[in-house]
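Worksheet for the structure shown next.
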Amino acid sequence: MTTLTEAPEAAAARETPARRRRRVDRLPYLLLLPCLVIIGVLLLWPLGQVVVMSFHQLNNVRQLRGDREWPWVGLGNYAEILGDPFFLTVLRNTVLFAVANVVLTMILGTLVGLLLNRLGRRMAAFVASCVMLAWATPALTGTIVWKWIFDDTSGLVTWLFNALPDGLSQSLFGRSDWTGYGWFNSPLLFFSILTLVVVWHSFPFIAVSVLAGLKSVPSELHEAARVDGAGPWKVFWKITFPLLRPVFGILVVLSTIWDFKVFTQQFVLAGGTQDRPTFMLSIYSYAEAFSPPPKYGLGAAIAVILTLILLLVTGLYVRMVLKQEEDA
């Protein structure tokens, strides 16, 4: 007869393997539960609020505080955005900017990662530390420094161009005095400088990630390829790149997400939301939501469209990875 004071050891001994397996299978979910709760509170709930706002007409802070009703407009905000020809300009700017930055960031980061892998331990540690300073610098601080570099009166770039011989500067650029030249006035120049700022801030993460992947590639493969007469370019494309394909895939997706969401750098370089020809989706959403008269529902709809685009990119990547695993 089993008593109420049965020892825990005896109860555990009689536990069936299936029950023990179910209890063990629940353990990872229980450990993840606190993290999931935090993500739900800090991410999913605000995201849900933005989605709800996108279906309403919100034009003042009192509505956001709950003092006034939220008029329901359904898909009206989305119809207004998608029917606006300016949205196509903003979408074009965003896509072209993201593609250019992803390509340049991946190329520069990969080259630096390959360089770090060839250097000695001490020199690689020194160079990696210097490179990571750009990654560690806050986006706001770094952008302010770059804006000063391109200042039209006391900036370093203006000083360098003024230091050129007048005849050379006049023949190459059509002007000899660069004081007062608006580096951010032309959309092409603005996007070029913005690309420089974003790539400078992003490539260190790519470089360190590629370096970590290179450390996992067996050195015997590279040595065998060199013995067979393969050059560095062929070794990279035939051995290194196929082995690091998953790493490059993740880095491309992350870079795409980051470059689609660029806001701080553009806001600081443009000095606000006045330069509409250079708008991208992030700053377009902010401008519609907070520029007078405010249109919070319209800004929320743009934010939702941006989120859907990023989810589509991520979904395509996940599908590609799963297909590669099935083929393998």
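If you're wondering about the labels, chains in the structure tokens are A, B, ... by order shown, residues count from 1 in each chain, ligands from 1 in order shown.
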Hey, what does DSSP flag as helix (DSSP H, G or I) within segment 125-295 of chain A? Can you give it to me as a PyMOL selection string?
-> chain A and resi 125-136+139-149+156-163+166-173+187-215+219-227+232-243+245-260+264-270+276-278+281-290
Met53 of chain A: which residues within 8 Å, counting only C-alpha atoms, same-chain residues fewer than 2 positions away excluded, as an NGL selection string?
-> :A and (49-51 or 55-58 or 296-297 or 300-301)
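For the pair atom CA of Phe203 of chain A and atom CA of Met106 of chain A, the interatomic distance is 7.1 Å.
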Would you mind listing, for every residue of segment 238-324 of chain A within 9 Å of segment 141-158 of chain A, the two atoms forming the shortest contact and the distance between them in Å to one decimal, using only C-alpha atoms, sorted by chain and ascending residue number, as JSON lines?
{"residue": "A:Thr264", "atom": "CA", "partner": "A:Thr143", "partner_atom": "CA", "distance": 8.1}
{"residue": "A:Gln265", "atom": "CA", "partner": "A:Thr143", "partner_atom": "CA", "distance": 5.7}
{"residue": "A:Gln266", "atom": "CA", "partner": "A:Thr143", "partner_atom": "CA", "distance": 8.7}
{"residue": "A:Val268", "atom": "CA", "partner": "A:Thr143", "partner_atom": "CA", "distance": 6.8}
{"residue": "A:Leu269", "atom": "CA", "partner": "A:Lys147", "partner_atom": "CA", "distance": 6.1}
Would you mind exporting N, CA, C and O atoms of the selected residues as a compact mmCIF listing (two decimals), in the first residue's frame?
# COMPACT_ATOMS: atom_id res chain seq x y z
N THR A 264 17.97 57.68 -38.25
CA THR A 264 18.76 58.66 -37.51
C THR A 264 19.74 59.38 -38.41
O THR A 264 19.83 60.62 -38.37
N GLN A 265 20.49 58.64 -39.22
CA GLN A 265 21.50 59.25 -40.08
C GLN A 265 20.85 60.22 -41.06
O GLN A 265 21.35 61.33 -41.27
N GLN A 266 19.74 59.83 -41.65
CA GLN A 266 19.09 60.71 -42.63
C GLN A 266 18.51 61.94 -41.95
O GLN A 266 18.62 63.06 -42.46
N VAL A 268 19.48 63.48 -39.23
CA VAL A 268 20.53 64.41 -38.80
C VAL A 268 21.16 65.10 -40.00
O VAL A 268 21.35 66.32 -40.01
N LEU A 269 21.50 64.34 -41.04
CA LEU A 269 22.15 64.95 -42.21
C LEU A 269 21.23 65.93 -42.92
O LEU A 269 21.67 66.98 -43.39
Met280 of chain A surroundings by only C-alpha atoms, 9 Å radius, close-in-sequence under 2 positions cut, as a PyMOL selection string | chain A and resi 89-95+97+260-263+266+276-278+282-285
Next, the residues of the selection above should be written as a compact mmCIF listing (two decimals), in the first residue's frame with N, CA, C and O atoms.
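Output contents, as saved in part-v1.txt:
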# COMPACT_ATOMS: atom_id res chain seq x y z
N THR A 89 7.95 57.33 -55.30
CA THR A 89 9.27 57.94 -55.22
C THR A 89 10.00 57.53 -53.96
O THR A 89 11.19 57.19 -53.98
N VAL A 90 9.27 57.54 -52.84
CA VAL A 90 9.87 57.15 -51.56
C VAL A 90 10.27 55.68 -51.58
O VAL A 90 11.36 55.31 -51.12
N LEU A 91 9.40 54.83 -52.12
CA LEU A 91 9.72 53.40 -52.20
C LEU A 91 10.93 53.16 -53.09
O LEU A 91 11.79 52.34 -52.76
N ARG A 92 11.01 53.87 -54.20
CA ARG A 92 12.17 53.74 -55.09
C ARG A 92 13.44 54.15 -54.38
O ARG A 92 14.46 53.45 -54.44
N ASN A 93 13.39 55.30 -53.66
CA ASN A 93 14.56 55.75 -52.91
C ASN A 93 15.00 54.70 -51.89
O ASN A 93 16.19 54.42 -51.73
N THR A 94 14.02 54.13 -51.19
CA THR A 94 14.33 53.16 -50.14
C THR A 94 14.96 51.90 -50.71
O THR A 94 15.97 51.41 -50.20
N VAL A 95 14.38 51.38 -51.78
CA VAL A 95 14.89 50.13 -52.36
C VAL A 95 16.29 50.33 -52.95
O VAL A 95 17.21 49.53 -52.70
N PHE A 97 18.48 52.66 -52.26
CA PHE A 97 19.43 52.93 -51.18
C PHE A 97 19.80 51.65 -50.44
O PHE A 97 20.98 51.40 -50.15
N PHE A 260 16.86 49.29 -44.72
CA PHE A 260 15.50 49.74 -44.98
C PHE A 260 15.01 50.66 -43.86
O PHE A 260 14.14 51.51 -44.09
N LYS A 261 15.52 50.47 -42.66
CA LYS A 261 15.03 51.23 -41.51
C LYS A 261 15.89 52.43 -41.15
O LYS A 261 15.69 53.01 -40.07
N VAL A 262 16.82 52.81 -42.00
CA VAL A 262 17.69 53.94 -41.69
C VAL A 262 16.85 55.19 -41.43
O VAL A 262 16.02 55.59 -42.25
N PHE A 263 17.07 55.78 -40.27
CA PHE A 263 16.32 56.99 -39.92
C PHE A 263 17.23 58.05 -39.30
O PHE A 263 17.26 59.19 -39.76
N GLN A 266 19.74 59.83 -41.65
CA GLN A 266 19.09 60.71 -42.63
C GLN A 266 18.51 61.94 -41.95
O GLN A 266 18.62 63.06 -42.46
N ARG A 276 12.04 66.65 -48.88
CA ARG A 276 11.16 65.57 -49.30
C ARG A 276 11.70 64.74 -50.47
O ARG A 276 11.44 63.54 -50.54
N PRO A 277 12.45 65.30 -51.43
CA PRO A 277 12.96 64.46 -52.52
C PRO A 277 13.87 63.33 -52.06
O PRO A 277 14.08 62.37 -52.81
N THR A 278 14.44 63.44 -50.85
CA THR A 278 15.32 62.39 -50.36
C THR A 278 14.63 61.50 -49.33
O THR A 278 15.31 60.72 -48.64
N SER A 282 11.15 55.21 -43.63
CA SER A 282 11.20 55.49 -42.19
C SER A 282 10.92 56.96 -41.91
O SER A 282 10.06 57.29 -41.08
N ILE A 283 11.65 57.84 -42.57
CA ILE A 283 11.45 59.26 -42.31
C ILE A 283 10.13 59.75 -42.91
O ILE A 283 9.52 60.71 -42.42
N TYR A 284 9.64 59.09 -43.94
CA TYR A 284 8.33 59.43 -44.50
C TYR A 284 7.23 59.14 -43.50
O TYR A 284 6.31 59.94 -43.31
N SER A 285 7.34 58.00 -42.82
CA SER A 285 6.37 57.66 -41.78
C SER A 285 6.41 58.68 -40.65
O SER A 285 5.37 59.14 -40.16
